[in-house]
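**Q** Dumping the structure here so I can ask a few things about it.
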Number of protein chains: 2
Amino acid sequence: MPERIFIKNGFVLTMDEKNTLIEDGAVITEGDKIIAVGKTSELEKQYTGNTVLDATKKVVMPGLVDLHYHSALGRGMYDHLPLYEFLDQFWYPKIRAMTAEEAYWGAVCGYIDAIKGGTTTANDQWRQMESCADAAEKIGIRAVLSNDVADDEVNIDTIADNEKLYKEKHGLANGRIRVFFGVEWVPIASREIMIKTREMADKYNTGIHIHLNESQGEVQMSLERHGKRPTEFAHETGVLGPDCVAAHCVWLSDEEIELMAKTKTSISHNPASNAKLGNGIARVPEYLEAGINMGIGHDSVDCNNSRDMFEQMKWAALIHRALRADASLMSTDTVLRMATLNGATALHEETGALKPGLKADIILVNLNGPHFIPLVTGEESNIKAHLVYSAHGEDVDTTIVDGRILMENRVIKTIDEQEALEKANQAFLSVFKRIKK
Amino acid sequence: MPERIFIKNGFVLTMDEKNTLIEDGAVITEGDKIIAVGKTSELEKQYTGNTVLDATKKVVMPGLVDLHYHSALGRGMYDHLPLYEFLDQFWYPKIRAMTAEEAYWGAVCGYIDAIKGGTTTANDQWRQMESCADAAEKIGIRAVLSNDVADDEVNIDTIADNEKLYKEKHGLANGRIRVFFGVEWVPIASREIMIKTREMADKYNTGIHIHLNESQGEVQMSLERHGKRPTEFAHETGVLGPDCVAAHCVWLSDEEIELMAKTKTSISHNPASNAKLGNGIARVPEYLEAGINMGIGHDSVDCNNSRDMFEQMKWAALIHRALRADASLMSTDTVLRMATLNGATALHEETGALKPGLKADIILVNLNGPHFIPLVTGEESNIKAHLVYSAHGEDVDTTIVDGRILMENRVIKTIDEQEALEKANQAFLSVFKRIKK
């Protein structure tokens with residue numbers, strides 16, 4: 001019999017069309033796929049598993065998709081710089097200076113952090129992406145990787161780097177590692193880069209990951225250089241499309257919202273990062289109304305400073321209510337879908353829901369604690385609300401990707417966590433020492 | 001030798017005037033007081049302890065003061081109702097219906113949740129406050145209690161109830177339990193209630209806990225009933241003052257900001273609650289600029305839905321940057337002070353900092369995890385940033401109140417936690433069943 005995991009006795013949140021919550025539910029995986037979802041009592045009649053996970057008092061749900069993710073080495077420094085100063089004084093020097101090995105440990109630490117918080121897919125754009133691929137392979141997370149591509153004089157990555165990454169790493173680890181083409185941001189990307197990025201994505205039948213309209217300053221800079229707003233320019237150069245993930249989109253004009261909807265471009269909403277860098281608050285209710293596929297991302301721990309997607313969900317759920325003084329906005333179903341199925345849709349991954357035939361990317365969230373009291377089941381169930389408003393990444397106790405248990409009872413199974421964290425810490429200190437000189 | 005706890009080898013964050021961070025620091029308590037703070041190596045020469053806590057890779061800091069807290073029985077239900085509907089359909093029916101015993105278990109569960117998240121003082125306004133006093137005594141948290149007082153026809157509490165509470169419970173448990181006089185909110189409080197509340201606070205030399213200017217609707221209702229905005233009315237009736245804690249204050253006029261500053265009234269900023277109920281975003285940078293003593297509160301898990309004060313700190317730090325697109329606002333020192341010393345100042349408690357002579361309300365925050373990488377010490381230390389932006393309540397591993405260890409390694413020592421949570425859950429279900437009829 002092939003490897004089969006039988007998860008039983010849980011609250012199974014399917015994230016299918018109706019976002020059904022099955023009490024006393026079970027999920028069965030075989031190899032890298034989900035093969036059955038239903039009531040424990042029913043499935044027990046038909047299936048056994050070589051591995052049985054008891055999910056009593058736990059939610060069983062699709063792993064979270066972090067739709068805008070940068071591996072990182074820093075955190076908790078330069079915390080009051082606005083976007084450009086942050087990039088110039090900290091982000092670029094750091095990613096220029098780091099070696100492949102330092103990047104590897106940074107990526108490893110980040111993926112451990114992500115897995116421990118219930119993130120099973122990271123849409124990761126950084127430098128030294130071969131190291132990120134190796135780290136993803138080692139830790140077991142599902143990763144979509146792209147390079148930080150900008151004009152040559154910025155001295156980060158080129159399309160050639162990204163193409164090399166594609167050729168070397170795309171499709172590895174049972175397809176768990178894929179490669180997109182990345183663009184840093186429009187004010188430092190030529191028209192040629194934009195056009196060539198689209199050509200590459202088409203040539204290799206893959207996707208694009210780009211930052212658009214993150215700050216008012218970016219919009220201004222794009223107007224000055226390209227005579228167009230960032231999203232208009234991305235549209236004109238063919239970058240937008242159903243294979244394109246645009247991060248941030250805080251300052252879209254009404255026309256740009258239409259462009260996003262028309263081209264079926266997905267947007268990653270990154271509310272905590274947008275807040276911390278002083279970029280503002282995206283008009284997410286309008287984007288949803290326009291029918292845009294909206295996901296959620298943490299951005300980077302240098303500018304957030306948390307990879308916890310539960311925290312990002314709460315920000316996404318509440319910040320629009322705060323701004324507009326309207327408690328009716330952003331339902332729990334909407335927010336949960338943004339963090340799971342919509343992210344998977346954006347990346348064309350066969351994940352984001354619990355359905356037979358989909359990849360087995362599953363998390364168990366432990367509801368045993370004072371912060372989940374009262375726990376109401378049945379028609380008035382408050383379990384979805386608990387996930388959006390009360391849970392933290394720390395409540396995730398088991399993370400499964402591609403049918404493989406990466407964390408169980410909060411213990412990472414694919415690497416010695418303490419040793420990895422120590423290496424990542426040393427890598428940062430070493431890079432930081434060099435860039436400060 | 002009296003009971004003495006020697007906490008050593010930690011990062012000691014004093015929250016004194018300079019908010020000093022002592023590396024390899026130590027704190028020593030004797031009885032209910034802190035008797036020494038300094039370098040471990042120095043203090044080891046002079047002191048021993050009957051209990052020694054090793055704080056290696058942990059922050060040792062003052063316990064958090066939750067300046068606006070309601071014990072609660074509900075959570076995760078009615079999550080999209082604006083304030084009035086929420087109060088009318090869920091909050092009032094629930095607090096009217098609950099028995100003293102149900103309230104006790106609700107309070108116990110909440111105090112456990114608070115202690116596990118590093119909150120050592122709760123400024124708690126609810127009903128059945130004798131039960132809250134008993135729960136605080138049992139769990140060991142420091143509590144300032146007041147009743148939900150409103151017009152008789154609202155059918156919640158009266159000033160007489162609050163006076164009875166004062167007489168029975170004020171000063172119990174070594175002064176750990178104190179009683180303030182509470183007012184629910186101005187649109188349902190007569191002029192007589194307001195004046196009498198001030199008289200009571202003066203008579204007993206204690207404080208006042210009131211909601212003010214929480215929503216635009218409240219301001220309108222106050223204008224209609226009293227011909228004044230809520231804070232103007234509170235000033236006119238003598239309620240404001242250095243012994244008064246005003247919760248929310250989302251919609252203060254410039255004149256009301258001046259009144260708050262002039263009367264030295266403290267404000268509890270509750271950003272996540274204000275967001276979730278669609279009340280808006282308080283003008284905190286202006287309040288700080290005006291010199292108002294600002295604390296932070298979670299409000300209630302029915303309308304937040306988290307008691308985690310680390311989460312509240314992050315909201316307080318970031319939401320103003322988001323709204324104003326300004327990354328320079330709300331320094332880590334400011335936010336940490338709001339959650340500790342300012343809260344203590346508002347309540348006239350001798351806590352909120354680590355200084356010899358103050359009460360021993362101390363928490364240990366474990367920095368060992370991927371979400372605290374990199375950990376930078378020395379001049380460039382990112383430890384304060386980690387506390388504000390990256391930590392969650394789950395990172396607190398030890399909580400001490402009045403020199404007594406209430407939680408160690410995340411195990412509550414004053415009650416059987418599982419049993420208490422089960423009782424609280426049953427209490428909610430029982431009340432909910434009755435009010436739904």
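Every chain in the structure tokens takes a letter, A first, then B, and so on in the order presented; its residues are numbered from 1, and the ligands are numbered from 1 following the presented order.
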Would you list, as a count of residues only, the residues of stretch 369-431 of chain B that end up in strand (DSSP E) under DSSP run on this structure's backbone?
**A** 13
**Q** For A:Leu240, list every protein, DNA or RNA residue within 8 Å, evaluated using only C-alpha atoms, and leave out those in the same chain fewer than 5 positions away; present the list as a ChimeraX atom specification.
**A** /A:234-235,260,263-265
**Q** Measure the distance from atom CA of A:Leu43 to atom CA of A:Ala353 in Å and round it to one decimal.
**A**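 Those two atoms sit 18.5 Å apart.
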**Q** Determine, counting only C-alpha atoms, which protein, DNA and RNA residues have an atom within 9 Å of an atom of A:Trp251; residues of the same chain fewer than 2 positions away are not included. Present the result as a compact mmCIF listing (two decimals) with C-alpha atoms, in the first residue's frame.
**A**
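Saved the output as out-v1.txt:
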```txt
# COMPACT_ATOMS: atom_id res chain seq x y z
CA LEU A 212 2.86 47.34 -8.51
CA ASN A 213 1.57 50.63 -7.09
CA GLU A 214 2.95 49.96 -3.62
CA SER A 215 3.38 53.62 -2.65
CA GLN A 216 2.33 57.01 -3.90
CA VAL A 219 3.32 55.91 -8.87
CA HIS A 248 0.62 45.45 -2.94
CA CYS A 249 -1.49 47.54 -5.36
CA SER A 253 -6.69 54.24 -9.94
CA ASN A 279 2.53 52.90 2.23
CA GLY A 280 -1.14 53.09 3.08
CA ILE A 281 -4.25 50.91 2.84
CA ALA A 282 -5.27 49.21 -0.42
CA ARG A 283 -8.88 49.54 -1.58
```
**Q** Could you pull out the alpha helix (DSSP H) residues of stretch 53-217 of chain A, going by DSSP on the backbone, and write them as a ChimeraX atom specification?
**A** /A:83-86,92-97,100-116,129-139,159-169,172-175,191-203,216-217
**Q** Need to verify the contact set: B:Lys39, 8 Å, only C-alpha atoms, exclusion of same-chain residues closer than 4 positions in sequence. Can you return it as a PDB file with N, CA and C atoms, in the first residue's frame?
**A**
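Ended up saving to around36.pdb:
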```
ATOM      1  N   ILE B  22      19.116  45.832  29.577  1.00  0.00           N
ATOM      2  CA  ILE B  22      20.335  45.307  30.207  1.00  0.00           C
ATOM      3  C   ILE B  22      20.582  43.893  29.692  1.00  0.00           C
ATOM      4  N   GLU B  23      21.715  43.711  29.006  1.00  0.00           N
ATOM      5  CA  GLU B  23      22.038  42.351  28.538  1.00  0.00           C
ATOM      6  C   GLU B  23      22.691  41.592  29.679  1.00  0.00           C
ATOM      7  N   ASP B  24      22.475  40.269  29.693  1.00  0.00           N
ATOM      8  CA  ASP B  24      22.899  39.455  30.829  1.00  0.00           C
ATOM      9  C   ASP B  24      22.363  40.056  32.129  1.00  0.00           C
ATOM     10  N   GLY B  25      21.102  40.439  32.088  1.00  0.00           N
ATOM     11  CA  GLY B  25      20.507  41.154  33.215  1.00  0.00           C
ATOM     12  C   GLY B  25      19.812  40.233  34.211  1.00  0.00           C
ATOM     13  N   ALA B  26      19.544  40.804  35.361  1.00  0.00           N
ATOM     14  CA  ALA B  26      18.879  40.051  36.427  1.00  0.00           C
ATOM     15  C   ALA B  26      17.872  40.943  37.149  1.00  0.00           C
ATOM     16  N   LEU B  43      24.768  41.215  40.545  1.00  0.00           N
ATOM     17  CA  LEU B  43      23.779  40.866  41.563  1.00  0.00           C
ATOM     18  C   LEU B  43      24.076  39.520  42.206  1.00  0.00           C
TER      19      LEU B  43
END
```
**Q** Using only C-alpha atoms, which residues sit within 7 Å of stretch 69-78 of chain A once same-chain residues fewer than 5 positions away are excluded, as a PyMOL selection string?
**A** (chain A and resi 86+106-107+110+122-126+297-302+305+428) or (chain B and resi 374+382+385-386)
**Q** Would you mind listing what lies within 6 Å of stretch 356-370 of chain A as an NGL selection string, with only C-alpha atoms counted and same-chain residues fewer than 3 positions away left out?
**A** (:A and (32-36 or 57-63 or 350-351 or 373 or 395-403)) or (:B and (113))
**Q** Quick one: write out the picked residues with C-alpha atoms as a PDB file, in the first residue's frame?
**A**
```
ATOM      1  CA  ASP A  32       1.111  13.574  -2.713  1.00  0.00           C
ATOM      2  CA  LYS A  33      -2.680  13.728  -3.174  1.00  0.00           C
ATOM      3  CA  ILE A  34      -5.859  13.979  -1.167  1.00  0.00           C
ATOM      4  CA  ILE A  35      -8.003  10.961  -1.926  1.00  0.00           C
ATOM      5  CA  ALA A  36     -10.966  11.411   0.398  1.00  0.00           C
ATOM      6  CA  LYS A  57     -10.370  19.535  18.820  1.00  0.00           C
ATOM      7  CA  LYS A  58      -8.307  20.594  15.816  1.00  0.00           C
ATOM      8  CA  VAL A  59      -9.204  22.249  12.556  1.00  0.00           C
ATOM      9  CA  VAL A  60      -8.042  20.408   9.448  1.00  0.00           C
ATOM     10  CA  MET A  61      -7.725  22.909   6.627  1.00  0.00           C
ATOM     11  CA  PRO A  62      -5.761  23.630   3.468  1.00  0.00           C
ATOM     12  CA  GLY A  63      -2.279  24.993   4.088  1.00  0.00           C
ATOM     13  CA  GLU A 350      -3.557  22.365  -7.372  1.00  0.00           C
ATOM     14  CA  THR A 351      -3.909  23.226  -3.707  1.00  0.00           C
ATOM     15  CA  ILE A 373     -13.237  29.684  24.398  1.00  0.00           C
ATOM     16  CA  ASP A 395      -1.695  27.286  17.085  1.00  0.00           C
ATOM     17  CA  VAL A 396      -0.732  25.210  14.046  1.00  0.00           C
ATOM     18  CA  ASP A 397       0.491  21.883  15.329  1.00  0.00           C
ATOM     19  CA  THR A 398       0.910  19.845  12.157  1.00  0.00           C
ATOM     20  CA  THR A 399       1.883  20.879   8.630  1.00  0.00           C
ATOM     21  CA  ILE A 400       1.730  18.558   5.638  1.00  0.00           C
ATOM     22  CA  VAL A 401       2.969  19.405   2.137  1.00  0.00           C
ATOM     23  CA  ASP A 402       2.688  17.080  -0.851  1.00  0.00           C
ATOM     24  CA  GLY A 403       1.489  14.352   1.489  1.00  0.00           C
TER      25      GLY A 403
ATOM     26  CA  ASP B 113      -5.855  33.791  28.762  1.00  0.00           C
TER      27      ASP B 113
END
```
**Q** Need to verify the contact set: stretch 138-154 of chain B, 6 Å, only C-alpha atoms, exclusion of same-chain residues closer than 5 positions in sequence. Can you return it as a list in words?
**A**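 Near neighbours after the sequence-gap exclusion: Thr120, Thr121, Ala122, Asn123, Asp124, Gln125, Trp126, Arg127, Asn162, Arg176, Ile177, Arg178, Val179, Phe180, Phe181, Gly182, Val183, Glu184, Ile188, Ala189 and Thr414 of chain B.
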